[in-house]
Each structure stands twice: as C-alpha cells, then as structure tokens.
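Listing of start.pdb, PDB, C-alpha atoms and all ligand atoms
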ATOM      1  CA  MET A1489       0.000   0.000   0.000
ATOM      2  CA  LYS A1490       1.285   3.441  -0.924
ATOM      3  CA  PHE A1491       1.327   6.320   1.561
ATOM      4  CA  PHE A1492       0.738   9.846   0.333
ATOM      5  CA  VAL A1493       0.765  12.805   2.705
ATOM      6  CA  ASP A1494      -2.211  15.129   2.624
ATOM      7  CA  THR A1495      -0.677  18.555   3.172
ATOM      8  CA  ALA A1496       0.751  21.552   1.315
ATOM      9  CA  ASP A1497       3.136  22.346   4.193
ATOM     10  CA  ILE A1498       6.590  21.944   2.687
ATOM     11  CA  ALA A1499       8.378  21.671   6.043
ATOM     12  CA  GLU A1500       6.105  18.763   7.028
ATOM     13  CA  ILE A1501       6.637  17.114   3.647
ATOM     14  CA  ARG A1502      10.437  17.379   3.913
ATOM     15  CA  ASP A1503      10.364  16.002   7.457
ATOM     16  CA  LEU A1504       8.153  13.039   6.569
ATOM     17  CA  ALA A1505       9.894  12.332   3.244
ATOM     18  CA  ALA A1506      13.084  11.737   5.245
ATOM     19  CA  THR A1507      11.427   8.652   6.776
ATOM     20  CA  GLY A1508      11.358   7.007   3.342
ATOM     21  CA  LEU A1509       7.660   6.232   3.893
ATOM     22  CA  VAL A1510       6.193   8.890   1.618
ATOM     23  CA  ASP A1511       5.196   7.771  -1.891
ATOM     24  CA  GLY A1512       3.412  10.952  -2.946
ATOM     25  CA  VAL A1513       1.552  14.074  -1.818
ATOM     26  CA  THR A1514      -2.004  15.324  -2.143
ATOM     27  CA  THR A1515      -3.082  18.927  -1.809
ATOM     28  CA  ASN A1516      -6.406  20.668  -2.168
ATOM     29  CA  PRO A1517      -7.423  24.356  -2.274
ATOM     30  CA  SER A1518      -8.106  24.392   1.498
ATOM     31  CA  LEU A1519      -4.643  23.001   2.290
ATOM     32  CA  VAL A1520      -2.981  25.502  -0.081
ATOM     33  CA  ALA A1521      -4.943  28.382   1.503
ATOM     34  CA  LYS A1522      -3.545  27.372   4.918
ATOM     35  CA  THR A1523       0.030  27.955   3.675
ATOM     36  CA  GLY A1524      -0.690  31.549   2.561
ATOM     37  CA  ARG A1525       1.731  30.929  -0.339
ATOM     38  CA  ASN A1526       1.501  31.076  -4.137
ATOM     39  CA  PHE A1527      -0.104  27.834  -5.355
ATOM     40  CA  LEU A1528       2.145  27.236  -8.372
ATOM     41  CA  ASP A1529       5.294  27.858  -6.302
ATOM     42  CA  VAL A1530       4.110  25.428  -3.632
ATOM     43  CA  VAL A1531       3.408  22.686  -6.181
ATOM     44  CA  ALA A1532       6.814  23.174  -7.844
ATOM     45  CA  GLU A1533       8.573  22.992  -4.490
ATOM     46  CA  ILE A1534       6.741  19.838  -3.416
ATOM     47  CA  CYS A1535       7.572  18.203  -6.765
ATOM     48  CA  SER A1536      11.257  18.933  -6.159
ATOM     49  CA  VAL A1537      11.128  17.093  -2.817
ATOM     50  CA  VAL A1538       8.929  14.097  -3.643
ATOM     51  CA  GLU A1539       9.425  11.831  -6.653
ATOM     52  CA  GLY A1540       5.969  10.250  -6.564
ATOM     53  CA  PRO A1541       2.667  11.775  -7.684
ATOM     54  CA  VAL A1542       1.815  15.239  -6.329
ATOM     55  CA  SER A1543      -1.864  16.103  -6.646
ATOM     56  CA  ALA A1544      -2.706  19.705  -7.504
ATOM     57  CA  GLU A1545      -6.342  20.652  -7.917
ATOM     58  CA  VAL A1546      -7.965  22.744 -10.643
ATOM     59  CA  THR A1547     -10.261  25.492  -9.387
ATOM     60  CA  ALA A1548     -12.422  26.127 -12.466
ATOM     61  CA  MET A1549     -15.921  24.662 -12.651
ATOM     62  CA  ASP A1550     -16.229  24.406 -16.455
ATOM     63  CA  HIS A1551     -14.525  21.832 -18.683
ATOM     64  CA  GLU A1552     -12.601  24.208 -20.993
ATOM     65  CA  THR A1553     -11.039  26.209 -18.165
ATOM     66  CA  MET A1554     -10.356  23.017 -16.183
ATOM     67  CA  VAL A1555      -8.398  21.605 -19.141
ATOM     68  CA  ALA A1556      -6.385  24.825 -19.466
ATOM     69  CA  GLU A1557      -5.644  24.872 -15.735
ATOM     70  CA  GLY A1558      -4.824  21.169 -15.756
ATOM     71  CA  ARG A1559      -2.332  21.609 -18.606
ATOM     72  CA  LYS A1560      -0.656  24.480 -16.754
ATOM     73  CA  LEU A1561      -0.391  22.416 -13.558
ATOM     74  CA  ALA A1562       0.872  19.353 -15.443
ATOM     75  CA  ALA A1563       3.607  21.471 -17.058
ATOM     76  CA  ILE A1564       5.118  22.188 -13.621
ATOM     77  CA  ALA A1565       6.642  18.704 -13.323
ATOM     78  CA  PRO A1566       6.082  15.211 -14.744
ATOM     79  CA  ASN A1567       4.902  13.916 -11.360
ATOM     80  CA  VAL A1568       1.972  16.342 -11.066
ATOM     81  CA  ALA A1569      -1.369  14.551 -10.838
ATOM     82  CA  VAL A1570      -4.087  16.972 -11.860
ATOM     83  CA  LYS A1571      -6.947  16.795  -9.393
ATOM     84  CA  VAL A1572     -10.429  17.347 -10.808
ATOM     85  CA  PRO A1573     -13.780  17.234  -9.008
ATOM     86  CA  LEU A1574     -16.257  14.425  -9.582
ATOM     87  CA  THR A1575     -18.609  16.423 -11.799
ATOM     88  CA  ILE A1576     -19.474  15.864 -15.447
ATOM     89  CA  ASP A1577     -17.081  18.673 -16.384
ATOM     90  CA  GLY A1578     -14.419  17.100 -14.187
ATOM     91  CA  LEU A1579     -14.901  13.695 -15.834
ATOM     92  CA  LYS A1580     -14.670  15.205 -19.316
ATOM     93  CA  THR A1581     -11.465  16.919 -18.232
ATOM     94  CA  CYS A1582     -10.158  13.641 -16.803
ATOM     95  CA  LYS A1583     -10.724  11.931 -20.160
ATOM     96  CA  VAL A1584      -8.855  14.654 -22.075
ATOM     97  CA  LEU A1585      -5.897  14.954 -19.700
ATOM     98  CA  SER A1586      -5.455  11.227 -19.048
ATOM     99  CA  GLY A1587      -5.693  10.639 -22.826
ATOM    100  CA  ALA A1588      -2.710  12.970 -23.182
ATOM    101  CA  GLY A1589      -0.717  10.947 -20.651
ATOM    102  CA  THR A1590      -1.247  13.211 -17.615
ATOM    103  CA  LEU A1591      -1.879  11.650 -14.212
ATOM    104  CA  VAL A1592      -5.386  12.553 -13.027
ATOM    105  CA  ASN A1593      -6.848  12.247  -9.544
ATOM    106  CA  VAL A1594     -10.653  12.494  -9.436
ATOM    107  CA  THR A1595     -11.630  13.891  -6.064
ATOM    108  CA  LEU A1596     -14.707  14.437  -3.896
ATOM    109  CA  CYS A1597     -15.978  10.895  -4.508
ATOM    110  CA  PHE A1598     -18.777   9.777  -2.209
ATOM    111  CA  SER A1599     -20.331   6.833  -4.069
ATOM    112  CA  SER A1600     -19.249   3.705  -5.926
ATOM    113  CA  ALA A1601     -21.245   4.870  -8.965
ATOM    114  CA  GLN A1602     -19.038   7.961  -9.084
ATOM    115  CA  ALA A1603     -15.931   5.787  -8.731
ATOM    116  CA  LEU A1604     -17.033   3.674 -11.693
ATOM    117  CA  LEU A1605     -17.413   6.797 -13.845
ATOM    118  CA  ALA A1606     -13.953   8.045 -12.873
ATOM    119  CA  ALA A1607     -12.384   4.716 -13.842
ATOM    120  CA  LYS A1608     -14.167   4.784 -17.194
ATOM    121  CA  ALA A1609     -12.862   8.327 -17.720
ATOM    122  CA  GLY A1610      -9.308   7.012 -17.325
ATOM    123  CA  ALA A1611      -8.503   8.384 -13.866
ATOM    124  CA  SER A1612      -5.154   7.367 -12.418
ATOM    125  CA  PHE A1613      -6.616   7.773  -8.923
ATOM    126  CA  ILE A1614     -10.100   7.950  -7.413
ATOM    127  CA  SER A1615     -10.322   9.759  -4.067
ATOM    128  CA  PRO A1616     -13.222   8.572  -1.890
ATOM    129  CA  PHE A1617     -13.548  10.743   1.241
ATOM    130  CA  VAL A1618     -14.079   8.313   4.121
ATOM    131  CA  GLY A1619     -13.971  10.779   7.042
ATOM    132  CA  ARG A1620     -16.619  13.036   5.580
ATOM    133  CA  LEU A1621     -18.942  10.030   5.100
ATOM    134  CA  ASP A1622     -18.342   8.972   8.724
ATOM    135  CA  ASP A1623     -19.223  12.568   9.674
ATOM    136  CA  ILE A1624     -22.748  12.091   8.271
ATOM    137  CA  ALA A1625     -23.241   8.719   9.991
ATOM    138  CA  GLN A1626     -22.386   6.603   6.935
ATOM    139  CA  ASP A1627     -19.516   4.118   6.961
ATOM    140  CA  GLY A1628     -16.705   5.405   4.764
ATOM    141  CA  MET A1629     -15.083   1.984   4.698
ATOM    142  CA  ASP A1630     -18.202   0.424   3.124
ATOM    143  CA  LEU A1631     -17.549   2.686   0.153
ATOM    144  CA  ILE A1632     -13.927   1.519  -0.129
ATOM    145  CA  ARG A1633     -15.111  -2.128  -0.033
ATOM    146  CA  GLU A1634     -17.684  -1.481  -2.789
ATOM    147  CA  ILE A1635     -15.202   0.299  -5.037
ATOM    148  CA  ARG A1636     -12.602  -2.479  -4.532
ATOM    149  CA  GLU A1637     -15.202  -5.090  -5.472
ATOM    150  CA  ILE A1638     -16.262  -3.201  -8.609
ATOM    151  CA  TYR A1639     -12.738  -2.438  -9.814
ATOM    152  CA  ASP A1640     -11.653  -6.041  -9.202
ATOM    153  CA  ASN A1641     -14.492  -7.193 -11.471
ATOM    154  CA  TYR A1642     -12.919  -5.260 -14.361
ATOM    155  CA  PRO A1643      -9.150  -5.775 -14.287
ATOM    156  CA  HIS A1644      -8.678  -3.594 -17.392
ATOM    157  CA  LEU A1645      -9.637  -0.579 -15.271
ATOM    158  CA  LYS A1646      -6.313   0.731 -13.973
ATOM    159  CA  THR A1647      -7.596   3.375 -11.551
ATOM    160  CA  GLU A1648      -6.022   3.206  -8.087
ATOM    161  CA  ILE A1649      -8.195   3.645  -4.995
ATOM    162  CA  LEU A1650      -6.713   6.554  -3.027
ATOM    163  CA  VAL A1651      -8.439   6.715   0.356
ATOM    164  CA  ALA A1652      -8.826  10.381   1.366
ATOM    165  CA  SER A1653     -10.287  12.332   4.269
ATOM    166  CA  VAL A1654      -8.439   9.941   6.573
ATOM    167  CA  ARG A1655      -8.824  10.977  10.195
ATOM    168  CA  HIS A1656      -7.141   8.263  12.285
ATOM    169  CA  PRO A1657      -4.947   5.129  12.126
ATOM    170  CA  ARG A1658      -7.983   2.802  12.078
ATOM    171  CA  HIS A1659      -8.922   4.216   8.651
ATOM    172  CA  VAL A1660      -5.446   3.233   7.459
ATOM    173  CA  VAL A1661      -5.557  -0.301   8.828
ATOM    174  CA  ASP A1662      -9.063  -0.894   7.480
ATOM    175  CA  SER A1663      -8.028   0.456   4.055
ATOM    176  CA  ALA A1664      -5.075  -1.942   4.010
ATOM    177  CA  ARG A1665      -7.284  -4.897   4.962
ATOM    178  CA  ILE A1666      -9.676  -4.081   2.123
ATOM    179  CA  GLY A1667      -6.811  -3.710  -0.342
ATOM    180  CA  ALA A1668      -7.004  -0.009  -1.179
ATOM    181  CA  ASP A1669      -4.015   1.011  -3.290
ATOM    182  CA  VAL A1670      -3.143   4.284  -1.560
ATOM    183  CA  VAL A1671      -4.038   6.224   1.578
ATOM    184  CA  THR A1672      -3.378   9.931   1.846
ATOM    185  CA  LEU A1673      -2.530  10.829   5.404
ATOM    186  CA  PRO A1674      -2.564  14.058   7.350
ATOM    187  CA  PRO A1675       0.951  14.289   8.873
ATOM    188  CA  ASP A1676      -0.288  13.678  12.428
ATOM    189  CA  VAL A1677      -2.010  10.436  11.374
ATOM    190  CA  LEU A1678       1.180   9.164   9.738
ATOM    191  CA  ARG A1679       3.107   9.857  12.944
ATOM    192  CA  LYS A1680       0.391   8.215  15.090
ATOM    193  CA  LEU A1681       0.766   4.982  13.099
ATOM    194  CA  ALA A1682       4.177   4.470  14.708
ATOM    195  CA  LEU A1683       2.921   4.890  18.272
ATOM    196  CA  HIS A1684       2.233   2.153  20.791
ATOM    197  CA  PRO A1685       2.359   2.550  24.592
ATOM    198  CA  LEU A1686       4.018  -0.869  25.004
ATOM    199  CA  THR A1687       6.810   0.258  22.660
ATOM    200  CA  ASP A1688       7.426   3.307  24.876
ATOM    201  CA  LYS A1689       7.198   1.234  28.070
ATOM    202  CA  GLY A1690       9.541  -1.452  26.732
ATOM    203  CA  LEU A1691      12.049   1.134  25.592
ATOM    204  CA  ASP A1692      12.029   2.841  28.990
ATOM    205  CA  THR A1693      12.852  -0.505  30.666
ATOM    206  CA  PHE A1694      15.605  -1.382  28.167
ATOM    207  CA  MET A1695      17.231   2.028  28.579
ATOM    208  CA  ALA A1696      17.065   1.926  32.379
ATOM    209  CA  ASP A1697      18.694  -1.550  32.439
ATOM    210  CA  TRP A1698      21.316  -0.511  29.875
ATOM    211  CA  LYS A1699      22.273   2.491  31.997
ATOM    212  CA  LYS A1700      23.019   0.121  34.888
ATOM    213  CA  THR A1701      25.710  -1.640  32.814
ATOM    214  CA  GLY A1702      27.715   1.588  32.555
ATOM    215  CA  GLN A1703      28.587   0.690  28.944
ATOM    216  CA  THR A1704      28.327   2.647  25.662
ATOM    217  CA  ILE A1705      28.283   0.975  22.267
ATOM    218  CA  LEU A1706      30.438   3.581  20.551
ATOM    219  CA  GLY A1707      32.940   3.676  23.411
TER     220      GLY A1707
HETATM  221  O1  LIG B1801      -7.683  14.445   0.621
HETATM  222  C1  LIG B1801      -8.876  15.059   0.919
HETATM  223  C2  LIG B1801      -8.794  15.533   2.305
HETATM  224  O2  LIG B1801      -7.890  16.570   2.356
HETATM  225  C3  LIG B1801     -10.073  15.916   2.932
HETATM  226  O3  LIG B1801      -9.911  15.683   4.276
HETATM  227  O4  LIG B1801     -10.343  15.924   6.634
HETATM  228  O5  LIG B1801     -10.911  17.798   5.057
HETATM  229  O6  LIG B1801     -12.261  15.713   5.082
HETATM  230  P1  LIG B1801     -10.924  16.308   5.320
END
As structure tokens, please, write out the structure in this file.
Amino acid sequence: MKFFVDTADIAEIRDLAATGLVDGVTTNPSLVAKTGRNFLDVVAEICSVVEGPVSAEVTAMDHETMVAEGRKLAAIAPNVAVKVPLTIDGLKTCKVLSGAGTLVNVTLCFSSAQALLAAKAGASFISPFVGRLDDIAQDGMDLIREIREIYDNYPHLKTEILVASVRHPRHVVDSARIGADVVTLPPDVLRKLALHPLTDKGLDTFMADWKKTGQTILG
C-alpha cells in the first residue's frame, strides 16, 4: 500500500519524506490556503522534494477552463497529478488529460457509482472521502469495499483507490485490509501509526537496564 501525505506544508513534507515512507503528496485548495503561499510555487517545491505523484487541484468549474488549468499544472513537473472534481465537467477533463498521458486524480468521490465513472474516464486515482462520510453517519469503509469489489471485477480498469479524508490510524488499517491502493494521510495520522504505549514502556525498561551496565556501544 502506498502512503501519500495530505498537506501543502513543505516543512512537514520534507520532514516526513526523510522517513522514506512517503510515496506521494495530495493537496487541495483548502490546504494551499492554509500555507498563505503562491499555489504554483508550492506545487513546484513539493515536486522537487517528492518523486511520486503530487496532486494539484484545478479550481475552475467548467470543462474548458479546467483543461487549461490542468495543462498548466501538469507542465510544472512530470509527477503532477491533476486533481479534478467528480462532476461531469471534471470527468470530461479527466478523459482529455489522461488521454494525453497526464496523471489525473478524481476527487470528492462519495459513491461507488461515481468511482465507476472516474475509472471509465481514465482516472489514475479515485479519491473517496471516508472521514466526511463517517461525519454524516455513513460508513466510509463500506464505500472503499464497494469500489474495490467493482474495480476487481474489471481488471482492465487501472484506476487506483486513493483513500482520502483519513482521520485516524484505524482508517489506514481498514483500508489496508480491504486492499485499497493508496491512503493519503494528514501528517499527524502518519506519525500516530508508529505509536504504541508498550513500545514506549519497553524502551524505557531497556534504557534503564542498559544504563546500569555503565557501557556505551560507541565507546
Ligand atoms: O484528501 C482530501 C482531504 O484533504 C479531505 O480531508 O479531513 O478535510 O475531510 P478532510
């Protein structure tokens, strides 16, 4: 399973990329707004740090302007994945851009019917938002299961399931059990995945006992 980080904060991206665990980055207009920086500069900088796909979202609502924006974003670096919304205009844009060899991430997916359309439009990634479904008392993971089942029925569809709106480590573990291809993680969720109280407790004991020996490994 691939791990993307869901942030436009370059310092966070550099820090997490150093772990070797980061396979890509996703951004959205809200995350870019938080940085207070120029969007195109931010995307270029992220692409210089991370080799894998970097999602950058169009902001137009109509197909023609979306295509123009998508081409401009794709020209920033070969690893840009143009993010388009799951609307008819977004799907038309997906078809055009993916047909030209550009990576496309179709976002704001909340149903398996939408995911099927994105795959037929040639999306590289479909982004179902699990946390926002949980927020309205639906089970986000049911959607991931349904999409996995549908895509597995049609192996010629190459769209990867990119689980988005991830809020906690359980979403990550459940996505892995279902066989989602990618999860995009807020930085704090990625860090939480490494935590376990028994790890901390065990380490405290080991270090206390080691201190008693009076030794150092490096001399
Ligand atoms: O990748 C989409 C994600 O950024 C949305 O997350 O927490 O705003 O629902 P959230």
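Atom pair atom CA of A:Arg1620 / atom CA of A:Thr1523: separated by 22.4 Å.
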Residues of chain A within 9 Å of ligand LIG 1801 (chain B): nearest atom pair and distance (Å, one decimal) for each, counting all atoms listed in the file, sorted by chain and number, as CSV?
residue,atom,partner,partner_atom,distance
A:Val1493,CA,B:LIG1801,O1,8.9
A:Asp1494,CA,B:LIG1801,O2,5.9
A:Thr1495,CA,B:LIG1801,O2,7.5
A:Thr1514,CA,B:LIG1801,O1,6.4
A:Thr1515,CA,B:LIG1801,O2,6.8
A:Asn1516,CA,B:LIG1801,O2,6.3
A:Ser1518,CA,B:LIG1801,O2,7.9
A:Leu1519,CA,B:LIG1801,O2,7.2
A:Thr1595,CA,B:LIG1801,C1,7.6
A:Leu1596,CA,B:LIG1801,C1,7.6
A:Ser1615,CA,B:LIG1801,O1,7.1
A:Pro1616,CA,B:LIG1801,C1,8.3
A:Phe1617,CA,B:LIG1801,C1,6.4
A:Val1618,CA,B:LIG1801,O6,7.7
A:Gly1619,CA,B:LIG1801,O6,5.6
A:Arg1620,CA,B:LIG1801,O6,5.1
A:Leu1621,CA,B:LIG1801,O6,8.8
A:Asp1623,CA,B:LIG1801,O6,8.9
A:Leu1650,CA,B:LIG1801,O1,8.7
A:Val1651,CA,B:LIG1801,O1,7.8
A:Ala1652,CA,B:LIG1801,O1,4.3
A:Ser1653,CA,B:LIG1801,O3,3.4
A:Val1654,CA,B:LIG1801,O4,6.3
A:Arg1655,CA,B:LIG1801,O4,6.3
A:Thr1672,CA,B:LIG1801,O1,6.4
A:Leu1673,CA,B:LIG1801,O1,7.9
A:Pro1674,CA,B:LIG1801,O2,7.7
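Between A:Lys1522 and the candidates A:Ile1705, A:Val1594, A:Ala1496, A:Cys1582, the tightest atom-to-atom separation, counting all atoms listed in the file, involves A:Ala1496.
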- Message: Using all atoms listed in the file for the distances, tell me which of A:Ile1576, A:Ala1544, A:Met1695, A:Ala1611 is nearest to A:Ala1588.
- Response: A:Ala1611
- Message: Quick check, in Å to one decimal: how far apart do atom CA of A:Leu1686 and atom CA of A:Phe1492 lie?
- Response: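 So the answer is 27.1 Å.
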- So how far away is atom CA of A:Ile1632 from atom CA of A:Arg1559, in Å? 29.7 Å
- Near A:Gly1610, within 12 Å and counting all atoms listed in the file, which residues show up once chain neighbours fewer than 5 positions away are dropped, as a count of residues only? 25
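By chain and then residue number, the residues within 9 Å of A:Glu1634 are Ser1599, Ser1600, Met1629 and Tyr1639 of chain A, counting all atoms listed in the file and disregarding those fewer than 5 positions away in sequence.
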- Between A:Arg1502, A:Lys1490, A:Arg1665, A:His1656, which is the closest to A:Ser1536 once you count all atoms listed in the file?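 Among the listed residues, A:Arg1502 lies closest to A:Ser1536.
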- Query: Given the choices A:Ile1649, A:Ala1569, A:Leu1706, A:Ala1556, which gets closest to A:Ala1664 if the distance is worked out from all atoms listed in the file?
  - Reply: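 Looking at the shortest contact to A:Ala1664, the residue is A:Ile1649.
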- Among listed residues A:His1684, A:Arg1525, A:Arg1679, A:His1551, nearest A:Asp1497 (using only C-alpha atoms): A:Arg1525
Selected by the PyMOL selection byres (((chain A and resi 1535) around 10) and not hetatm) in the shown coordinates: which residues, as a PDB file with C-alpha atoms, in the frame of the given file?
ATOM      1  CA  GLY A1512       3.412  10.952  -2.946  1.00  0.00           C
ATOM      2  CA  VAL A1513       1.552  14.074  -1.818  1.00  0.00           C
ATOM      3  CA  ASP A1529       5.294  27.858  -6.302  1.00  0.00           C
ATOM      4  CA  VAL A1530       4.110  25.428  -3.632  1.00  0.00           C
ATOM      5  CA  VAL A1531       3.408  22.686  -6.181  1.00  0.00           C
ATOM      6  CA  ALA A1532       6.814  23.174  -7.844  1.00  0.00           C
ATOM      7  CA  GLU A1533       8.573  22.992  -4.490  1.00  0.00           C
ATOM      8  CA  ILE A1534       6.741  19.838  -3.416  1.00  0.00           C
ATOM      9  CA  SER A1536      11.257  18.933  -6.159  1.00  0.00           C
ATOM     10  CA  VAL A1537      11.128  17.093  -2.817  1.00  0.00           C
ATOM     11  CA  VAL A1538       8.929  14.097  -3.643  1.00  0.00           C
ATOM     12  CA  GLU A1539       9.425  11.831  -6.653  1.00  0.00           C
ATOM     13  CA  GLY A1540       5.969  10.250  -6.564  1.00  0.00           C
ATOM     14  CA  PRO A1541       2.667  11.775  -7.684  1.00  0.00           C
ATOM     15  CA  VAL A1542       1.815  15.239  -6.329  1.00  0.00           C
ATOM     16  CA  SER A1543      -1.864  16.103  -6.646  1.00  0.00           C
ATOM     17  CA  ILE A1564       5.118  22.188 -13.621  1.00  0.00           C
ATOM     18  CA  ALA A1565       6.642  18.704 -13.323  1.00  0.00           C
ATOM     19  CA  PRO A1566       6.082  15.211 -14.744  1.00  0.00           C
ATOM     20  CA  ASN A1567       4.902  13.916 -11.360  1.00  0.00           C
ATOM     21  CA  VAL A1568       1.972  16.342 -11.066  1.00  0.00           C
TER      22      VAL A1568
END
- Message: Between A:Leu1691, A:Ala1521, A:Ile1635, A:Ala1601, which residue has the minimum interatomic distance to A:Ser1663, considering only C-alpha atoms?
- Response: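 Closest residue, counting only C-alpha atoms: A:Ile1635.
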Please write out, as lines of an AutoDock Vina configuration file, where the centre of an axis-aligned box around all listed atoms of stretch 1581-1587 of chain A lies and how long its edges are, in Å to one decimal, after adding 6 Å on each side.
center_x = -8.5
center_y = 13.8
center_z = -19.8
size_x = 18.0
size_y = 18.3
size_z = 18.0
- Task: Mind checking which residues fall within 8 Å of A:Arg1636, counting all atoms listed in the file, ignoring those fewer than 6 positions away in the same chain, and posting them as a ChimeraX atom specification?
- Result: /A:1649,1666-1668
